[in-house]
file query33.tsv (TSV, C-alpha atoms and all ligand atoms)
chain	number	residue	atom	x	y	z
I	506	MET	CA	-19.85	7.35	11.34
I	507	ILE	CA	-20.88	7.50	7.68
I	508	VAL	CA	-18.62	5.86	5.10
I	509	GLN	CA	-18.99	7.21	1.59
I	510	GLU	CA	-17.45	5.57	-1.50
I	511	ASN	CA	-15.66	6.94	-4.56
I	512	ILE	CA	-15.71	10.55	-3.43
I	513	PRO	CA	-13.81	12.99	-5.72
I	514	LEU	CA	-10.93	14.59	-3.82
I	515	ALA	CA	-10.07	17.42	-6.25
I	516	PRO	CA	-12.90	19.69	-4.99
I	517	LEU	CA	-11.62	19.21	-1.42
I	518	THR	CA	-8.23	20.70	-2.32
I	519	THR	CA	-7.21	24.23	-3.35
I	520	LEU	CA	-5.20	22.96	-6.36
I	521	LYS	CA	-8.25	21.01	-7.60
I	522	VAL	CA	-6.47	18.05	-9.16
I	523	GLY	CA	-6.63	14.34	-8.38
I	524	GLY	CA	-8.95	11.34	-8.43
I	525	PRO	CA	-11.40	9.90	-5.89
I	526	ALA	CA	-11.09	8.37	-2.44
I	527	ARG	CA	-12.19	4.71	-2.43
I	528	TYR	CA	-13.69	5.29	1.04
I	529	PHE	CA	-14.31	8.67	2.64
I	530	VAL	CA	-15.18	9.45	6.25
I	531	GLU	CA	-15.74	12.83	7.84
I	532	ALA	CA	-15.08	12.62	11.59
I	533	LYS	CA	-16.65	15.25	13.84
I	534	SER	CA	-15.42	13.78	17.14
I	535	ILE	CA	-12.49	11.84	18.57
I	536	GLY	CA	-14.77	8.79	18.76
I	537	GLU	CA	-15.50	9.03	15.03
I	538	VAL	CA	-11.77	9.35	14.27
I	539	GLN	CA	-11.16	6.12	16.22
I	540	GLU	CA	-14.05	4.40	14.43
I	541	ALA	CA	-12.64	5.42	11.03
I	542	ILE	CA	-9.27	3.96	11.94
I	543	GLN	CA	-10.85	0.67	12.99
I	544	TYR	CA	-12.76	0.66	9.70
I	545	ALA	CA	-9.52	1.11	7.74
I	546	HIS	CA	-7.83	-1.67	9.76
I	547	SER	CA	-10.75	-4.04	9.24
I	548	ARG	CA	-10.49	-3.60	5.45
I	549	ASP	CA	-6.70	-3.56	5.45
I	550	ALA	CA	-7.03	-0.22	3.66
I	551	ALA	CA	-4.38	2.51	3.72
I	552	LEU	CA	-5.38	5.61	5.67
I	553	PHE	CA	-4.87	9.20	4.56
I	554	VAL	CA	-5.80	12.09	6.84
I	555	LEU	CA	-7.15	15.17	5.08
I	556	GLY	CA	-7.29	18.63	6.63
I	557	GLY	CA	-8.15	21.77	4.68
I	558	GLY	CA	-6.61	20.45	1.44
I	559	SER	CA	-4.57	23.62	0.88
I	560	ASN	CA	-1.16	21.98	0.69
I	561	LEU	CA	-1.93	18.82	-1.25
I	562	VAL	CA	-1.30	17.26	-4.64
I	563	VAL	CA	-3.62	14.25	-5.01
I	564	SER	CA	-2.66	11.77	-7.75
I	565	ASP	CA	-4.97	11.35	-10.74
I	566	ALA	CA	-5.69	7.78	-9.59
I	567	GLY	CA	-6.89	9.11	-6.24
I	568	TRP	CA	-6.48	7.20	-2.97
I	569	PRO	CA	-7.21	3.45	-2.94
I	570	GLY	CA	-7.90	3.31	0.82
I	571	VAL	CA	-9.71	5.40	3.41
I	572	VAL	CA	-9.54	9.19	3.40
I	573	LEU	CA	-10.35	10.57	6.83
I	574	LYS	CA	-11.34	14.22	6.96
I	575	VAL	CA	-10.95	15.50	10.50
I	576	ALA	CA	-13.87	17.89	11.06
I	577	ILE	CA	-13.58	18.40	14.84
I	578	ALA	CA	-14.94	21.88	15.58
I	579	GLY	CA	-14.78	24.38	18.45
I	580	ILE	CA	-12.79	27.44	19.50
I	581	GLU	CA	-12.58	27.61	23.32
I	582	GLN	CA	-10.83	30.44	25.10
I	583	GLN	CA	-9.42	30.42	28.65
I	584	SER	CA	-7.45	33.27	30.17
I	585	HIS	CA	-4.78	33.08	32.87
I	586	ASP	CA	-1.68	35.12	33.88
I	587	ASN	CA	-2.39	37.76	31.20
I	588	LYS	CA	-2.33	35.08	28.52
I	589	ALA	CA	-5.23	33.75	26.48
I	590	VAL	CA	-5.21	30.07	25.60
I	591	PHE	CA	-7.35	29.07	22.63
I	592	ASP	CA	-8.11	25.36	22.40
I	593	VAL	CA	-9.18	24.84	18.79
I	594	GLY	CA	-10.62	21.79	17.01
I	595	ALA	CA	-8.41	20.49	14.18
I	596	GLY	CA	-11.25	20.85	11.68
I	597	GLU	CA	-11.81	24.55	12.23
I	598	GLU	CA	-10.93	26.79	9.30
I	599	TRP	CA	-7.60	28.42	10.18
I	600	ASP	CA	-8.53	31.92	9.04
I	601	LYS	CA	-11.77	31.82	11.04
I	602	PHE	CA	-9.70	31.19	14.18
I	603	VAL	CA	-7.31	34.05	13.28
I	604	ALA	CA	-10.28	36.37	12.74
I	605	SER	CA	-11.75	35.47	16.13
I	606	ALA	CA	-8.40	35.90	17.92
I	607	VAL	CA	-7.96	39.35	16.32
I	608	ALA	CA	-11.57	40.28	17.15
I	609	ARG	CA	-10.80	39.41	20.79
I	610	ASN	CA	-7.70	41.63	20.55
I	611	CYS	CA	-5.27	38.75	21.11
I	612	ALA	CA	-1.86	38.97	19.40
I	613	GLY	CA	0.31	36.20	18.00
I	614	VAL	CA	-1.32	34.93	14.81
I	615	GLU	CA	-2.38	38.17	13.03
I	616	CYS	CA	0.38	37.84	10.38
I	617	LEU	CA	-0.99	34.39	9.52
I	618	SER	CA	-4.26	35.90	8.27
I	619	GLY	CA	-5.69	34.67	4.98
I	620	ILE	CA	-3.82	31.36	4.94
I	621	PRO	CA	-6.11	28.66	3.57
I	622	GLY	CA	-6.47	25.32	5.33
I	623	SER	CA	-7.53	23.90	8.66
I	624	VAL	CA	-6.16	24.37	12.18
I	625	GLY	CA	-4.98	20.73	12.35
I	626	GLY	CA	-2.64	21.28	9.42
I	627	THR	CA	-0.80	24.21	10.97
I	628	PRO	CA	1.53	22.33	13.35
I	629	VAL	CA	2.43	19.74	10.69
I	630	GLN	CA	4.42	22.10	8.50
I	631	ASN	CA	4.81	24.83	11.13
I	632	VAL	CA	2.84	27.30	9.02
I	633	GLY	CA	4.54	30.67	8.76
I	634	ALA	CA	4.25	34.00	6.98
I	635	TYR	CA	5.20	37.65	7.41
I	636	GLY	CA	7.54	37.01	10.31
I	637	GLN	CA	5.32	34.72	12.38
I	638	GLU	CA	5.25	30.92	12.69
I	639	VAL	CA	2.67	28.88	14.59
I	640	SER	CA	5.54	27.34	16.61
I	641	GLU	CA	5.79	30.69	18.45
I	642	THR	CA	2.25	30.39	19.85
I	643	ILE	CA	1.45	26.66	19.96
I	644	LEU	CA	1.28	25.52	23.58
I	645	SER	CA	0.44	21.90	22.81
I	646	VAL	CA	-1.05	19.56	20.23
I	647	THR	CA	-3.66	16.96	21.17
I	648	ALA	CA	-3.33	13.93	18.93
I	649	LEU	CA	-4.31	10.30	18.57
I	650	ASP	CA	-1.16	8.18	18.69
I	651	LEU	CA	-1.70	5.36	16.21
I	652	ASN	CA	1.11	3.34	17.83
I	653	SER	CA	-0.77	3.04	21.13
I	654	ASP	CA	-4.31	4.11	20.18
I	655	ASN	CA	-4.13	6.66	23.02
I	656	VAL	CA	-5.02	10.34	22.91
I	657	CYS	CA	-1.97	12.33	24.04
I	658	GLU	CA	-1.03	15.99	24.45
I	659	LEU	CA	2.35	16.88	22.96
I	660	ALA	CA	4.02	19.99	24.39
I	661	ASN	CA	5.51	22.53	21.97
I	662	ALA	CA	9.10	21.26	22.48
I	663	GLU	CA	8.05	17.68	21.72
I	664	CYS	CA	6.82	18.79	18.28
I	665	GLU	CA	10.40	19.82	17.27
I	666	PHE	CA	9.36	22.74	15.10
I	667	HIS	CA	11.70	24.16	12.44
I	668	TYR	CA	11.17	25.98	9.12
I	669	ARG	CA	8.19	24.14	7.54
I	670	THR	CA	8.85	20.99	9.57
I	671	SER	CA	7.83	19.23	12.79
I	672	ILE	CA	7.90	15.60	13.96
I	673	PHE	CA	4.52	15.26	12.20
I	674	ASN	CA	6.06	15.53	8.71
I	675	THR	CA	9.52	14.12	9.49
I	676	SER	CA	10.55	11.62	12.18
I	677	GLU	CA	6.98	10.65	13.24
I	678	ARG	CA	5.20	11.04	9.90
I	679	GLY	CA	1.97	9.00	9.90
I	680	ARG	CA	2.05	8.28	13.64
I	681	TYR	CA	-0.31	10.96	14.96
I	682	ILE	CA	-3.73	12.24	13.96
I	683	ILE	CA	-4.04	15.82	15.17
I	684	LEU	CA	-7.33	16.41	16.99
I	685	ARG	CA	-6.98	19.81	18.68
I	686	VAL	CA	-4.32	22.53	18.99
I	687	LYS	CA	-3.78	24.97	21.88
I	688	TYR	CA	-2.40	28.42	21.00
I	689	GLU	CA	-1.23	30.84	23.68
I	690	LEU	CA	-1.87	34.45	22.61
I	691	LEU	CA	-1.25	37.83	24.23
I	692	PRO	CA	-4.38	39.88	25.03
I	693	GLY	CA	-3.83	43.53	24.09
I	694	GLY	CA	-0.48	42.68	22.41
I	695	LYS	CA	0.87	44.75	19.53
I	696	PRO	CA	0.90	43.40	15.97
I	697	HIS	CA	4.17	41.89	14.75
I	698	LEU	CA	5.28	44.22	11.96
I	699	GLN	CA	8.82	43.09	11.14
I	700	TYR	CA	8.43	41.93	7.56
I	701	ALA	CA	9.38	44.49	4.89
I	702	ASP	CA	6.09	44.13	2.97
I	703	LEU	CA	4.17	45.01	6.14
I	704	ARG	CA	6.43	47.92	7.11
I	705	ASN	CA	6.03	49.36	3.62
I	706	HIS	CA	2.27	48.96	3.84
I	707	PHE	CA	2.15	51.05	7.03
I	708	ALA	CA	4.81	53.60	6.04
I	709	GLY	CA	3.35	57.05	6.49
I	710	TRP	CA	0.71	56.01	9.03
I	711	ASN	CA	0.45	58.43	11.94
I	712	GLU	CA	-1.22	56.01	14.34
I	713	ALA	CA	0.10	52.66	15.49
I	714	PRO	CA	-1.62	49.90	13.47
I	715	THR	CA	-3.94	47.64	15.46
I	716	LEU	CA	-4.14	43.86	15.21
I	717	ALA	CA	-7.15	44.30	12.92
I	718	ASP	CA	-5.12	46.68	10.70
I	719	ALA	CA	-2.32	44.11	10.51
I	720	ARG	CA	-4.80	41.38	9.59
I	721	GLU	CA	-6.27	43.51	6.80
I	722	ALA	CA	-2.79	44.44	5.54
I	723	VAL	CA	-1.66	40.81	5.40
I	724	ARG	CA	-4.83	39.82	3.53
I	725	THR	CA	-4.30	42.67	1.06
I	726	ILE	CA	-0.64	41.75	0.47
I	727	ARG	CA	-1.52	38.06	0.09
I	728	ALA	CA	-4.22	38.96	-2.46
I	729	THR	CA	-1.69	40.87	-4.60
I	730	LYS	CA	0.44	37.68	-4.65
I	731	GLY	CA	-2.46	35.35	-5.49
I	732	MET	CA	-2.05	33.77	-2.05
I	733	LEU	CA	-5.58	34.58	-0.87
I	734	ILE	CA	-8.19	32.15	-2.14
I	735	ILE	CA	-10.77	33.89	-4.30
I	736	ALA	CA	-13.26	31.40	-5.76
I	737	GLY	CA	-12.85	30.86	-9.50
I	738	GLU	CA	-9.66	32.91	-9.81
I	739	GLU	CA	-7.02	31.01	-11.74
I	740	ASP	CA	-3.99	32.49	-9.98
I	741	CYS	CA	-5.05	31.11	-6.62
I	742	ARG	CA	-5.99	27.62	-7.80
I	743	SER	CA	-2.73	26.42	-6.26
I	744	ALA	CA	-1.18	24.75	-3.24
I	745	GLY	CA	0.41	28.04	-2.12
I	746	SER	CA	4.20	28.12	-2.26
I	747	PHE	CA	5.16	25.01	-4.23
I	748	PHE	CA	8.80	25.00	-3.07
I	749	LYS	CA	10.47	25.71	0.25
I	750	ASN	CA	13.03	28.48	0.43
I	751	PRO	CA	16.34	26.56	0.44
I	752	VAL	CA	18.35	26.86	3.65
I	753	LEU	CA	22.02	26.63	2.71
I	754	ALA	CA	25.24	26.08	4.63
I	755	ALA	CA	27.62	29.06	4.46
I	756	SER	CA	29.85	27.38	1.83
I	757	ASP	CA	26.92	26.44	-0.44
I	758	PHE	CA	25.53	29.95	-0.09
I	759	GLU	CA	28.91	31.38	-1.12
I	760	ARG	CA	28.95	29.17	-4.22
I	761	LEU	CA	25.44	30.32	-5.11
I	762	THR	CA	26.16	34.03	-4.66
I	763	GLN	CA	29.29	33.60	-6.81
I	764	ARG	CA	27.14	32.19	-9.62
I	765	ALA	CA	24.79	35.16	-9.21
I	766	THR	CA	27.65	37.68	-9.16
I	767	ASP	CA	29.02	36.12	-12.36
I	768	LYS	CA	25.69	37.00	-13.96
I	769	ASN	CA	25.60	40.47	-12.36
I	770	LEU	CA	22.71	39.41	-10.15
I	771	GLN	CA	22.06	39.54	-6.43
I	772	ILE	CA	19.98	36.84	-4.78
I	773	PRO	CA	17.64	37.83	-1.90
I	774	SER	CA	18.64	35.97	1.27
I	775	TYR	CA	17.94	36.04	4.98
I	776	PRO	CA	19.89	34.76	7.99
I	777	ALA	CA	18.88	31.28	9.23
I	778	LEU	CA	19.92	29.11	12.16
I	779	GLU	CA	23.57	28.15	12.76
I	780	SER	CA	25.17	30.55	10.26
I	781	GLN	CA	23.04	29.19	7.42
I	782	ARG	CA	21.25	31.41	4.85
I	783	LYS	CA	17.71	31.07	3.61
I	784	VAL	CA	17.45	32.07	-0.05
I	785	SER	CA	14.40	32.97	-2.09
I	786	ALA	CA	13.04	30.01	-4.06
I	787	ALA	CA	10.79	32.40	-6.04
I	788	TRP	CA	13.88	34.31	-7.21
I	789	LEU	CA	15.68	31.10	-8.23
I	790	VAL	CA	12.65	29.95	-10.26
I	791	GLU	CA	12.30	33.37	-11.87
I	792	HIS	CA	16.00	33.41	-12.81
I	793	SER	CA	15.86	29.96	-14.40
I	794	GLY	CA	13.66	30.93	-17.31
I	795	PHE	CA	10.22	30.74	-15.66
I	796	SER	CA	8.38	34.00	-15.44
I	797	LYS	CA	5.08	34.77	-13.78
I	798	GLY	CA	2.27	33.55	-16.03
I	799	PHE	CA	4.38	30.69	-17.54
I	800	ILE	CA	2.03	28.21	-19.24
I	801	SER	CA	2.55	24.48	-19.61
I	802	GLY	CA	-0.61	22.90	-21.06
I	803	ASN	CA	-3.35	23.01	-18.45
I	804	VAL	CA	-1.03	24.06	-15.63
I	805	GLY	CA	1.42	26.91	-15.17
I	806	ILE	CA	2.89	29.47	-12.84
I	807	SER	CA	0.76	32.12	-11.16
I	808	ARG	CA	0.78	35.55	-12.82
I	809	LYS	CA	1.27	37.00	-9.33
I	810	HIS	CA	4.01	34.85	-7.74
I	811	THR	CA	6.59	32.54	-9.30
I	812	LEU	CA	6.46	30.14	-6.36
I	813	ALA	CA	2.86	29.04	-7.02
I	814	ILE	CA	2.13	26.30	-9.55
I	815	ILE	CA	-1.45	26.73	-10.68
I	816	ASN	CA	-4.12	24.58	-12.26
I	817	ARG	CA	-5.44	26.62	-15.21
I	818	GLY	CA	-8.76	24.76	-15.06
I	819	LYS	CA	-8.49	21.25	-16.48
I	820	GLY	CA	-5.04	20.45	-15.12
I	821	SER	CA	-4.05	16.99	-13.88
I	822	ALA	CA	-1.75	15.89	-11.09
I	823	ALA	CA	0.56	14.38	-13.72
I	824	GLU	CA	0.94	17.79	-15.38
I	825	VAL	CA	1.60	19.46	-12.03
I	826	VAL	CA	4.28	16.89	-11.19
I	827	ALA	CA	5.85	17.22	-14.66
I	828	LEU	CA	6.09	21.02	-14.26
I	829	LYS	CA	7.49	20.60	-10.74
I	830	ASN	CA	10.21	18.25	-12.10
I	831	HIS	CA	10.97	20.61	-14.97
I	832	ILE	CA	11.41	23.56	-12.58
I	833	GLN	CA	13.55	21.53	-10.15
I	834	ASP	CA	15.83	20.32	-12.98
I	835	ARG	CA	16.26	23.79	-14.53
I	836	VAL	CA	16.99	25.46	-11.20
I	837	GLU	CA	19.49	22.74	-10.33
I	838	ASP	CA	21.23	23.01	-13.73
I	839	ILE	CA	21.59	26.76	-13.51
I	840	TRP	CA	22.09	27.34	-9.78
I	841	GLY	CA	23.28	23.99	-8.37
I	842	VAL	CA	20.45	23.94	-5.83
I	843	ARG	CA	17.72	21.27	-5.77
I	844	LEU	CA	14.42	22.86	-4.68
I	845	GLU	CA	12.36	20.85	-2.23
I	846	PRO	CA	8.59	20.80	-2.79
I	847	GLU	CA	6.43	22.07	0.04
I	848	PRO	CA	3.07	20.32	-0.57
I	849	VAL	CA	2.22	16.79	0.50
I	850	PHE	CA	1.86	14.34	-2.42
I	851	VAL	CA	-0.94	11.83	-2.02
I	852	GLY	CA	-0.68	8.60	-3.99
I	853	VAL	CA	1.80	10.19	-6.41
F	901	LIG	N1	10.30	36.94	-5.40
F	901	LIG	C1	10.53	36.83	-6.75
F	901	LIG	N2	9.45	36.59	-7.55
F	901	LIG	C2	8.19	36.47	-7.10
F	901	LIG	C3	7.95	36.62	-5.74
F	901	LIG	C4	9.03	36.84	-4.89
F	901	LIG	O1	11.64	36.91	-7.20
F	901	LIG	O2	7.28	36.23	-7.91
F	901	LIG	C5	11.46	37.17	-4.50
F	901	LIG	C6	11.56	38.62	-4.11
F	901	LIG	O3	12.91	38.97	-4.04
F	901	LIG	C7	10.94	38.66	-2.73
F	901	LIG	C8	11.33	37.30	-2.17
F	901	LIG	O4	11.29	36.43	-3.31
F	901	LIG	O5	11.44	39.69	-1.95
F	901	LIG	C9	10.39	36.80	-1.10
F	901	LIG	O6	9.07	36.73	-1.62
F	901	LIG	P1	7.79	36.72	-0.69
F	901	LIG	O7	7.84	37.84	0.26
F	901	LIG	O8	6.58	36.61	-1.54
F	901	LIG	O9	7.96	35.41	0.19
F	901	LIG	P2	8.37	33.93	-0.20
F	901	LIG	O10	9.68	33.65	0.46
F	901	LIG	O11	8.28	33.64	-1.65
F	901	LIG	C10	7.31	32.92	1.97
F	901	LIG	C11	6.43	31.74	2.31
F	901	LIG	C12	4.98	32.09	2.07
F	901	LIG	C13	4.62	33.30	2.90
F	901	LIG	C14	5.55	34.47	2.50
F	901	LIG	C15	5.34	35.70	3.32
F	901	LIG	C16	7.78	29.77	1.89
F	901	LIG	C17	8.05	28.63	1.00
F	901	LIG	N3	6.83	30.60	1.50
F	901	LIG	O12	7.20	33.11	0.57
F	901	LIG	O13	4.19	31.00	2.51
F	901	LIG	O14	3.27	33.67	2.74
F	901	LIG	O15	6.92	34.05	2.68
F	901	LIG	O16	5.92	35.55	4.57
F	901	LIG	O17	8.38	29.88	2.96
F	901	LIG	C18	3.26	28.96	1.74
F	901	LIG	O18	4.08	28.39	2.46
F	901	LIG	O19	2.42	28.32	1.05
F	901	LIG	C19	3.30	30.41	1.66
F	901	LIG	C20	2.50	31.08	0.84

call {"tool": "encode", "arguments": {"input": "query33.tsv", "output": "structure tokens"}}
result
Amino acid sequence: MIVQENIPLAPLTTLKVGGPARYFVEAKSIGEVQEAIQYAHSRDAALFVLGGGSNLVVSDAGWPGVVLKVAIAGIEQQSHDNKAVFDVGAGEEWDKFVASAVARNCAGVECLSGIPGSVGGTPVQNVGAYGQEVSETILSVTALDLNSDNVCELANAECEFHYRTSIFNTSERGRYIILRVKYELLPGGKPHLQYADLRNHFAGWNEAPTLADAREAVRTIRATKGMLIIAGEEDCRSAGSFFKNPVLAASDFERLTQRATDKNLQIPSYPALESQRKVSAAWLVEHSGFSKGFISGNVGISRKHTLAIINRGKGSAAEVVALKNHIQDRVEDIWGVRLEPEPVFVGV
């Protein structure tokens, strides 16, 4: 295990803000993960586990303790009962895994093409897009339990997946370090083409789209929204969606639609669990005086999607947080709904 000191964290994130890690360890094996934890304990230093850095806001002061980057590699495939199980190292790039699953004609993650980040991050916030969520294909998560120092395998149900949540970012936050994830995919399965953007993309096609077609379509749609990372492009120097789509109880949703009706507006919404409604955070931001391309010093809002806060080049974490607060306050004033941020804040 190699311990580096004062390593800048901004380049390791997609938003590219934040200060250095006092200590930095990249762990390529379970043994190295355990060694890094012992190192942090021995120095009484706080531990932060870094994945692909695509959903992070690191404070300008950085992290005073140990940053552990899990770099466990490997994509292993086993087939049984017409199912293909992929056992994937937490450090693998997510989109590389999706590409290899699609290339092997296995369905279940094709709509999650082009999402930045690492495999180990996907169960934490139950990554989802275009009508698919990883909770639908995760068989189990192999993790180091910091309470017992044992490696355990948590079955899907034990992860308690919901919209952008799991035990890993709620009830058991900080307890587990994710080492590997098993996904169960369907060989020869059809692509999942439920989402309106995808249906529109394929309207007029005479042949049924393949998994590879779906993957290409999702990447194309994501690119038009600035949600595909293209090096050096300002609109994708972001942490993806900065706010979750609020899920409202029926009565709160009624209050919100009344406010919209009073303004002759209609808010996009979708059914959610237990008679709740999920409403579009992007729409709420856009109808609170923030348009695409909004500028606030060195940060702003993407020109392609109102839900992405971007770093225009020399932005700081403080500016990102100030803009986040400003948006939350305005949306709450106008619509009575407090938006919840989606990224993880480190040392903020
Ligand atoms: N909209 C606007 N302005 C915009 C963009 C969208 O008003 O600039 C409204 C439109 O009415 C649109 C609706 O919002 O129909 C939904 O927009 P979109 O399809 O882009 O999806 P989203 O709800 O904003 C969610 C996820 C994305 C995921 C897409 C596609 C969340 C917080 N975000 O965005 O995930 O890629 O759906 O499925 O759930 C992420 O989590 O980082 C992320 C990018």

call {"tool": "residues_near_ligand", "arguments": {"input": "query33.tsv", "ligand": "ligand LIG 901 (chain F)", "cutoff": "6 Å", "atoms": "all atoms listed in the file", "output": "list in words"}}
result
Ala634, Tyr635, Gly745, Ser746, Phe748, Lys749, Asn750, Pro773, Ser785, Ala787, Trp788, Glu791, His810 and Thr811 of chain I

call {"tool": "closest_residue", "arguments": {"input": "query33.tsv", "among": "I:Ala608, I:Leu691, I:Ala566, I:Ala786", "to": "I:Pro751", "atoms": "only C-alpha atoms"}}
result
I:Ala786

call {"tool": "atom_distance", "arguments": {"input": "query33.tsv", "atom1": "atom CA of I:Gln781", "atom2": "atom CA of I:Arg669"}}
result
15.7 Å

call {"tool": "closest_residue", "arguments": {"input": "query33.tsv", "among": "I:Leu684, I:Val571, I:Ile672, I:Ile735", "to": "I:Glu597", "atoms": "all atoms listed in the file"}}
result
I:Leu684

call {"tool": "residues_around", "arguments": {"input": "query33.tsv", "residues": "I:Ala532", "least_positions_apart": "4", "cutoff": "8 Å", "atoms": "only C-alpha atoms", "output": "PyMOL selection string"}}
result
chain I and resi 506+537-538+541+573-577

call {"tool": "write_last_selection", "arguments": {"input": "query33.tsv", "atoms": "C-alpha atoms", "output": "PDB file, in the coordinates of the input"}}
result
ATOM      1  CA  MET I 506     -19.850   7.350  11.340  1.00  0.00           C
ATOM      2  CA  GLU I 537     -15.500   9.030  15.030  1.00  0.00           C
ATOM      3  CA  VAL I 538     -11.770   9.350  14.270  1.00  0.00           C
ATOM      4  CA  ALA I 541     -12.640   5.420  11.030  1.00  0.00           C
ATOM      5  CA  LEU I 573     -10.350  10.570   6.830  1.00  0.00           C
ATOM      6  CA  LYS I 574     -11.340  14.220   6.960  1.00  0.00           C
ATOM      7  CA  VAL I 575     -10.950  15.500  10.500  1.00  0.00           C
ATOM      8  CA  ALA I 576     -13.870  17.890  11.060  1.00  0.00           C
ATOM      9  CA  ILE I 577     -13.580  18.400  14.840  1.00  0.00           C
TER      10      ILE I 577
END

call {"tool": "atom_distance", "arguments": {"input": "query33.tsv", "atom1": "atom CA of I:Asn816", "atom2": "atom CA of I:Arg742"}}
result
5.7 Å

call {"tool": "closest_residue", "arguments": {"input": "query33.tsv", "among": "I:Ser807, I:Ser676, I:Thr627, I:Thr715", "to": "I:Leu520", "atoms": "all atoms listed in the file"}}
result
I:Ser807

call {"tool": "atom_distance", "arguments": {"input": "query33.tsv", "atom1": "atom CA of I:Ile726", "atom2": "atom CA of I:Val522"}}
result
26.2 Å

call {"tool": "residues_around", "arguments": {"input": "query33.tsv", "residues": "I:Cys657", "least_positions_apart": "3", "cutoff": "7 Å", "atoms": "only C-alpha atoms", "output": "mmCIF file with C-alpha atoms, in the coordinates of the input"}}
result
data_model
loop_
_atom_site.group_PDB
_atom_site.id
_atom_site.type_symbol
_atom_site.label_atom_id
_atom_site.label_comp_id
_atom_site.auth_asym_id
_atom_site.auth_seq_id
_atom_site.Cartn_x
_atom_site.Cartn_y
_atom_site.Cartn_z
ATOM 1 C CA THR I 647 -3.660 16.960 21.170
ATOM 2 C CA ALA I 648 -3.330 13.930 18.930
ATOM 3 C CA LEU I 649 -4.310 10.300 18.570
ATOM 4 C CA ASP I 650 -1.160 8.180 18.690
#

call {"tool": "residues_around", "arguments": {"input": "query33.tsv", "residues": "I:Phe799", "least_positions_apart": "2", "cutoff": "12 Å", "atoms": "all atoms listed in the file", "output": "list in words"}}
result
Asp740, Val790, Glu791, Ser793, Gly794, Phe795, Ser796, Lys797, Ser801, Gly802, Asn803, Val804, Gly805, Ile806, Ser807, Arg808, Lys809, His810, Thr811, Leu812, Ala813, Ile814, Ile815, Asn816, Arg817, Leu828 and Ile832 of chain I

call {"tool": "residues_near_point", "arguments": {"input": "query33.tsv", "point": "(0.1, 35.6, 34.1)", "cutoff": "12 Å", "atoms": "all atoms listed in the file", "output": "mmCIF file with C-alpha atoms, in the coordinates of the input"}}
result
data_model
loop_
_atom_site.group_PDB
_atom_site.id
_atom_site.type_symbol
_atom_site.label_atom_id
_atom_site.label_comp_id
_atom_site.auth_asym_id
_atom_site.auth_seq_id
_atom_site.Cartn_x
_atom_site.Cartn_y
_atom_site.Cartn_z
ATOM 1 C CA SER I 584 -7.450 33.270 30.170
ATOM 2 C CA HIS I 585 -4.780 33.080 32.870
ATOM 3 C CA ASP I 586 -1.680 35.120 33.880
ATOM 4 C CA ASN I 587 -2.390 37.760 31.200
ATOM 5 C CA LYS I 588 -2.330 35.080 28.520
ATOM 6 C CA ALA I 589 -5.230 33.750 26.480
ATOM 7 C CA VAL I 590 -5.210 30.070 25.600
ATOM 8 C CA GLU I 689 -1.230 30.840 23.680
ATOM 9 C CA LEU I 690 -1.870 34.450 22.610
ATOM 10 C CA LEU I 691 -1.250 37.830 24.230
ATOM 11 C CA PRO I 692 -4.380 39.880 25.030
#

call {"tool": "residues_around", "arguments": {"input": "query33.tsv", "residues": "I:Glu638", "least_positions_apart": "2", "cutoff": "10 Å", "atoms": "all atoms listed in the file", "output": "PyMOL selection string"}}
result
chain I and resi 613-614+616-617+627-628+630-636+640-643+666-669

call {"tool": "write_last_selection", "arguments": {"input": "query33.tsv", "atoms": "C-alpha atoms", "output": "mmCIF file, in the coordinates of the input"}}
result
data_model
loop_
_atom_site.group_PDB
_atom_site.id
_atom_site.type_symbol
_atom_site.label_atom_id
_atom_site.label_comp_id
_atom_site.auth_asym_id
_atom_site.auth_seq_id
_atom_site.Cartn_x
_atom_site.Cartn_y
_atom_site.Cartn_z
ATOM 1 C CA GLY I 613 0.310 36.200 18.000
ATOM 2 C CA VAL I 614 -1.320 34.930 14.810
ATOM 3 C CA CYS I 616 0.380 37.840 10.380
ATOM 4 C CA LEU I 617 -0.990 34.390 9.520
ATOM 5 C CA THR I 627 -0.800 24.210 10.970
ATOM 6 C CA PRO I 628 1.530 22.330 13.350
ATOM 7 C CA GLN I 630 4.420 22.100 8.500
ATOM 8 C CA ASN I 631 4.810 24.830 11.130
ATOM 9 C CA VAL I 632 2.840 27.300 9.020
ATOM 10 C CA GLY I 633 4.540 30.670 8.760
ATOM 11 C CA ALA I 634 4.250 34.000 6.980
ATOM 12 C CA TYR I 635 5.200 37.650 7.410
ATOM 13 C CA GLY I 636 7.540 37.010 10.310
ATOM 14 C CA SER I 640 5.540 27.340 16.610
ATOM 15 C CA GLU I 641 5.790 30.690 18.450
ATOM 16 C CA THR I 642 2.250 30.390 19.850
ATOM 17 C CA ILE I 643 1.450 26.660 19.960
ATOM 18 C CA PHE I 666 9.360 22.740 15.100
ATOM 19 C CA HIS I 667 11.700 24.160 12.440
ATOM 20 C CA TYR I 668 11.170 25.980 9.120
ATOM 21 C CA ARG I 669 8.190 24.140 7.540
#

call {"tool": "closest_residue", "arguments": {"input": "query33.tsv", "among": "I:Val784, I:Ala660, I:Ala744, I:Leu651", "to": "I:Arg680", "atoms": "only C-alpha atoms"}}
result
I:Leu651
